[in-house]
Amino acid sequence: VKTLVLFSGGLDSAVVLASCVAAGDEVLAVGFDYGQPHAIELDRAAFIARGMNVPYEEVELPAMPLADDVVFAGRNMVMAAAAISIAHARGFDRIALGCNADDHRRFRDCRRDFWSAMRRAARAYDVGISAPLLRSSKRAIVRRAKALGVPVEQTWSCYEPRGGEPCGECLACKLRKAALCS
Ligand SMILES: [Zn+2]
């Protein structure tokens, strides 16, 4: 199976990437630059992919608008559409991504009905969508990360890094801390 993994350098997508590698997929990791202030995550993504011996490519997208102070409007939808385009053009069987249960409330494009619709759209391009963490909590994802040998400490979550360090206060930092400490 040829799988294109949407890889942000964060914990969730690192687990998806490691799962695909463990399953023996032929994997390409793709990181998206959409003007995020936390572009540092892309350096981590490249680094972690190298450590897993997975090829990594960076794709530039138009800068995405913020819907509120945290949420880029339709970020996952736009990245998935770009990934489906690449997968279709380059003969990948599927794309894989790390949306999870703890993101449902805030992010519309992390909800299960959204991905059912997206799967139907992707089918028109002969591309499957794997979203194996859609029902997983952050705590379950941390357990899975440890079982798969994911270098958790190298992953990046923070939305608002200060001087190259995680802020410890943003939504992503809080979710990460809660999951790692529980
Ligand atoms: Zn933070």
# chains A, B, ... in the order shown; residues from 1 in each chain; ligands from 1
$ select_by_dssp --residues "segment 31-121 of chain A" --states "alpha helix (DSSP H)" --output "number ranges by chain"
A: 40-51, 75-90, 112-121
$ closest_atom_pairs --of "chain A" --to "ligand 1" --cutoff "6 Å" --atoms "only C-alpha atoms and all ligand atoms" --output "tab-separated table"
residue	atom	partner	partner_atom_place_in_ligand_line	distance
A:Cys158	CA	ligand 1	1 (Zn)	3.6
A:Tyr159	CA	ligand 1	1 (Zn)	5.1
A:Glu160	CA	ligand 1	1 (Zn)	5.0
A:Pro161	CA	ligand 1	1 (Zn)	5.9
A:Pro166	CA	ligand 1	1 (Zn)	4.9
A:Cys167	CA	ligand 1	1 (Zn)	3.9
A:Gly168	CA	ligand 1	1 (Zn)	4.6
A:Glu169	CA	ligand 1	1 (Zn)	5.1
A:Cys170	CA	ligand 1	1 (Zn)	4.1
A:Ala172	CA	ligand 1	1 (Zn)	5.8
A:Cys173	CA	ligand 1	1 (Zn)	4.3
$ write_last_selection --atoms "N, CA, C and O atoms" --output "compact mmCIF listing (two decimals), in the first residue's frame"
# COMPACT_ATOMS: atom_id res chain seq x y z
N CYS A 158 2.92 22.81 20.31
CA CYS A 158 2.57 24.20 20.65
C CYS A 158 2.21 25.07 19.44
O CYS A 158 2.87 25.02 18.41
N TYR A 159 1.15 25.86 19.61
CA TYR A 159 0.72 26.81 18.57
C TYR A 159 1.44 28.15 18.67
O TYR A 159 1.45 28.93 17.72
N GLU A 160 1.95 28.46 19.85
CA GLU A 160 2.52 29.80 20.06
C GLU A 160 3.89 29.75 20.72
O GLU A 160 4.05 30.20 21.85
N PRO A 161 4.86 29.14 20.02
CA PRO A 161 6.18 29.01 20.64
C PRO A 161 6.82 30.36 20.95
O PRO A 161 6.57 31.35 20.25
N PRO A 166 8.13 25.56 23.62
CA PRO A 166 6.67 25.51 23.78
C PRO A 166 6.21 26.50 24.85
O PRO A 166 6.89 26.68 25.86
N CYS A 167 5.04 27.14 24.63
CA CYS A 167 4.57 28.17 25.57
C CYS A 167 4.02 27.56 26.86
O CYS A 167 4.03 28.20 27.91
N GLY A 168 3.52 26.32 26.77
CA GLY A 168 2.98 25.66 27.96
C GLY A 168 1.56 26.09 28.28
O GLY A 168 0.97 25.58 29.23
N GLU A 169 0.98 27.02 27.52
CA GLU A 169 -0.32 27.59 27.89
C GLU A 169 -1.39 27.47 26.81
O GLU A 169 -2.58 27.57 27.12
N CYS A 170 -1.00 27.29 25.56
CA CYS A 170 -2.01 27.25 24.50
C CYS A 170 -2.78 25.92 24.56
O CYS A 170 -2.42 25.00 25.29
N ALA A 172 -2.99 23.47 22.51
CA ALA A 172 -2.21 22.28 22.14
C ALA A 172 -1.27 21.87 23.26
O ALA A 172 -1.10 20.69 23.56
N CYS A 173 -0.66 22.85 23.91
CA CYS A 173 0.23 22.55 25.04
C CYS A 173 -0.55 21.91 26.19
O CYS A 173 -0.09 20.95 26.81
$ atom_distance --atom1 "atom CA of Val78 of chain A" --atom2 "atom CA of Arg50 of chain A"
25.4 Å
$ atom_distance --atom1 "atom CA of Arg112 of chain A" --atom2 "atom CA of Pro132 of chain A"
11.1 Å
$ closest_residue --among "A:Ala49, A:Ala81, A:Leu175, A:Ala96" --to "Ile141 of chain A" --atoms "only C-alpha atoms"
A:Leu175
$ residues_around --residues "segment 8-11 of chain A" --least-positions-apart "3" --cutoff "9 Å" --atoms "only C-alpha atoms" --output "ChimeraX atom specification"
/A:14-16,30-32,41-49,98,141-142,145,150-158,176
$ write_last_selection --atoms "N, CA and C atoms" --output "PDB file, in the first residue's frame"
ATOM      1  N   ALA A  14       2.484  11.717  14.194  1.00  0.00           N
ATOM      2  CA  ALA A  14       3.650  10.845  14.355  1.00  0.00           C
ATOM      3  C   ALA A  14       3.210   9.412  14.633  1.00  0.00           C
ATOM      4  N   VAL A  15       2.116   9.262  15.391  1.00  0.00           N
ATOM      5  CA  VAL A  15       1.583   7.925  15.667  1.00  0.00           C
ATOM      6  C   VAL A  15       1.043   7.304  14.382  1.00  0.00           C
ATOM      7  N   VAL A  16       0.360   8.106  13.577  1.00  0.00           N
ATOM      8  CA  VAL A  16      -0.166   7.601  12.304  1.00  0.00           C
ATOM      9  C   VAL A  16       0.991   7.186  11.392  1.00  0.00           C
ATOM     10  N   VAL A  30       4.279  14.145   4.390  1.00  0.00           N
ATOM     11  CA  VAL A  30       4.179  15.484   3.812  1.00  0.00           C
ATOM     12  C   VAL A  30       3.816  16.488   4.909  1.00  0.00           C
ATOM     13  N   GLY A  31       4.604  17.536   4.998  1.00  0.00           N
ATOM     14  CA  GLY A  31       4.309  18.617   5.934  1.00  0.00           C
ATOM     15  C   GLY A  31       3.820  19.833   5.165  1.00  0.00           C
ATOM     16  N   PHE A  32       2.811  20.513   5.716  1.00  0.00           N
ATOM     17  CA  PHE A  32       2.243  21.668   5.017  1.00  0.00           C
ATOM     18  C   PHE A  32       2.632  22.977   5.705  1.00  0.00           C
ATOM     19  N   GLU A  41       7.298  23.432  13.855  1.00  0.00           N
ATOM     20  CA  GLU A  41       6.841  22.042  13.819  1.00  0.00           C
ATOM     21  C   GLU A  41       7.329  21.337  12.556  1.00  0.00           C
ATOM     22  N   LEU A  42       7.533  22.096  11.473  1.00  0.00           N
ATOM     23  CA  LEU A  42       7.968  21.465  10.229  1.00  0.00           C
ATOM     24  C   LEU A  42       9.422  20.991  10.321  1.00  0.00           C
ATOM     25  N   ASP A  43      10.245  21.711  11.084  1.00  0.00           N
ATOM     26  CA  ASP A  43      11.610  21.231  11.315  1.00  0.00           C
ATOM     27  C   ASP A  43      11.576  19.911  12.074  1.00  0.00           C
ATOM     28  N   ARG A  44      10.684  19.851  13.066  1.00  0.00           N
ATOM     29  CA  ARG A  44      10.550  18.606  13.824  1.00  0.00           C
ATOM     30  C   ARG A  44      10.047  17.489  12.921  1.00  0.00           C
ATOM     31  N   ALA A  45       9.103  17.831  12.059  1.00  0.00           N
ATOM     32  CA  ALA A  45       8.540  16.820  11.167  1.00  0.00           C
ATOM     33  C   ALA A  45       9.640  16.207  10.297  1.00  0.00           C
ATOM     34  N   ALA A  46      10.473  17.069   9.706  1.00  0.00           N
ATOM     35  CA  ALA A  46      11.554  16.586   8.844  1.00  0.00           C
ATOM     36  C   ALA A  46      12.517  15.709   9.648  1.00  0.00           C
ATOM     37  N   PHE A  47      12.803  16.143  10.874  1.00  0.00           N
ATOM     38  CA  PHE A  47      13.743  15.432  11.728  1.00  0.00           C
ATOM     39  C   PHE A  47      13.210  14.050  12.115  1.00  0.00           C
ATOM     40  N   ILE A  48      11.946  14.012  12.530  1.00  0.00           N
ATOM     41  CA  ILE A  48      11.356  12.744  12.977  1.00  0.00           C
ATOM     42  C   ILE A  48      11.231  11.775  11.803  1.00  0.00           C
ATOM     43  N   ALA A  49      10.812  12.302  10.630  1.00  0.00           N
ATOM     44  CA  ALA A  49      10.683  11.441   9.447  1.00  0.00           C
ATOM     45  C   ALA A  49      12.040  10.822   9.095  1.00  0.00           C
ATOM     46  N   GLY A  98      -4.055  12.397  11.301  1.00  0.00           N
ATOM     47  CA  GLY A  98      -4.114  12.146  12.742  1.00  0.00           C
ATOM     48  C   GLY A  98      -5.219  12.836  13.513  1.00  0.00           C
ATOM     49  N   ILE A 141      -3.749   7.864  22.548  1.00  0.00           N
ATOM     50  CA  ILE A 141      -2.726   8.112  21.523  1.00  0.00           C
ATOM     51  C   ILE A 141      -1.328   8.083  22.137  1.00  0.00           C
ATOM     52  N   VAL A 142      -1.207   8.613  23.337  1.00  0.00           N
ATOM     53  CA  VAL A 142       0.105   8.563  24.018  1.00  0.00           C
ATOM     54  C   VAL A 142       0.506   7.113  24.282  1.00  0.00           C
ATOM     55  N   ALA A 145       1.616   5.678  21.073  1.00  0.00           N
ATOM     56  CA  ALA A 145       2.924   6.224  20.701  1.00  0.00           C
ATOM     57  C   ALA A 145       4.035   5.455  21.384  1.00  0.00           C
ATOM     58  N   VAL A 150       7.400   5.704  19.173  1.00  0.00           N
ATOM     59  CA  VAL A 150       7.449   7.065  18.630  1.00  0.00           C
ATOM     60  C   VAL A 150       8.267   7.954  19.574  1.00  0.00           C
ATOM     61  N   PRO A 151       9.193   8.745  19.029  1.00  0.00           N
ATOM     62  CA  PRO A 151       9.981   9.634  19.885  1.00  0.00           C
ATOM     63  C   PRO A 151       9.138  10.819  20.360  1.00  0.00           C
ATOM     64  N   VAL A 152       8.305  10.557  21.373  1.00  0.00           N
ATOM     65  CA  VAL A 152       7.305  11.529  21.830  1.00  0.00           C
ATOM     66  C   VAL A 152       7.940  12.882  22.159  1.00  0.00           C
ATOM     67  N   GLU A 153       9.121  12.857  22.770  1.00  0.00           N
ATOM     68  CA  GLU A 153       9.744  14.102  23.210  1.00  0.00           C
ATOM     69  C   GLU A 153      10.202  14.952  22.017  1.00  0.00           C
ATOM     70  N   GLN A 154      10.328  14.335  20.848  1.00  0.00           N
ATOM     71  CA  GLN A 154      10.731  15.115  19.668  1.00  0.00           C
ATOM     72  C   GLN A 154       9.539  15.736  18.942  1.00  0.00           C
ATOM     73  N   THR A 155       8.348  15.280  19.257  1.00  0.00           N
ATOM     74  CA  THR A 155       7.176  15.824  18.562  1.00  0.00           C
ATOM     75  C   THR A 155       6.866  17.224  19.071  1.00  0.00           C
ATOM     76  N   TRP A 156       6.152  17.970  18.242  1.00  0.00           N
ATOM     77  CA  TRP A 156       5.862  19.367  18.553  1.00  0.00           C
ATOM     78  C   TRP A 156       4.361  19.597  18.566  1.00  0.00           C
ATOM     79  N   SER A 157       3.845  20.258  19.606  1.00  0.00           N
ATOM     80  CA  SER A 157       2.408  20.521  19.693  1.00  0.00           C
ATOM     81  C   SER A 157       2.070  22.006  19.710  1.00  0.00           C
ATOM     82  N   CYS A 158       2.919  22.809  20.309  1.00  0.00           N
ATOM     83  CA  CYS A 158       2.574  24.199  20.654  1.00  0.00           C
ATOM     84  C   CYS A 158       2.215  25.066  19.441  1.00  0.00           C
ATOM     85  N   ARG A 176      -1.525  18.343  25.386  1.00  0.00           N
ATOM     86  CA  ARG A 176      -0.343  17.497  25.411  1.00  0.00           C
ATOM     87  C   ARG A 176       0.056  17.171  26.847  1.00  0.00           C
TER      88      ARG A 176
END
$ select_by_dssp --residues "segment 11-147 of chain A" --states "strand (DSSP E)" --output "list in words"
Glu26, Val27, Leu28, Ala29, Val30, Gly31, Phe32, Asp33, Tyr56, Glu57, Glu58, Val59, Glu60, Arg94, Ile95, Ala96, Gly128, Ile129 and Ser130 of chain A
$ residues_around --residues "segment 177-180 of chain A" --least-positions-apart "3" --cutoff "6 Å" --atoms "only C-alpha atoms" --output "list of chain:residue names"
A:Lys138, A:Arg139, A:Lys174
$ residues_around --residues "Ser137 of chain A" --least-positions-apart "5" --cutoff "8 Å" --atoms "only C-alpha atoms" --output "list in words"
Asn100, Ala101 and Asp102 of chain A
$ write_last_selection --atoms "N, CA and C atoms" --output "compact mmCIF listing (two decimals), in the first residue's frame"
# COMPACT_ATOMS: atom_id res chain seq x y z
N ASN A 100 -8.25 13.40 15.84
CA ASN A 100 -8.64 12.50 16.93
C ASN A 100 -9.82 13.04 17.72
N ALA A 101 -10.31 12.21 18.62
CA ALA A 101 -11.57 12.48 19.33
C ALA A 101 -11.52 13.76 20.15
N ASP A 102 -10.36 14.09 20.69
CA ASP A 102 -10.28 15.28 21.54
C ASP A 102 -10.39 16.58 20.75
$ closest_residue --among "A:Tyr125, A:Trp115, A:Tyr56, A:Phe107" --to "Arg75 of chain A" --atoms "only C-alpha atoms"
A:Phe107
$ residues_around --residues "Pro62 of chain A" --least-positions-apart "6" --cutoff "9 Å" --atoms "only C-alpha atoms" --output "list in words"
Asp33, Tyr34 and Gly35 of chain A
$ closest_residue --among "A:Phe7, A:Asp12, A:Met64, A:Ala18" --to "Ala147 of chain A" --atoms "only C-alpha atoms"
A:Ala18
$ atom_distance --atom1 "atom CA of Arg120 of chain A" --atom2 "atom CA of Gln36 of chain A"
28.7 Å
$ residues_around --residues "Met118 of chain A" --least-positions-apart "3" --cutoff "12 Å" --atoms "only C-alpha atoms" --output "number ranges by chain"
A: 76-81, 83-84, 95, 109-115, 121-125, 127-131
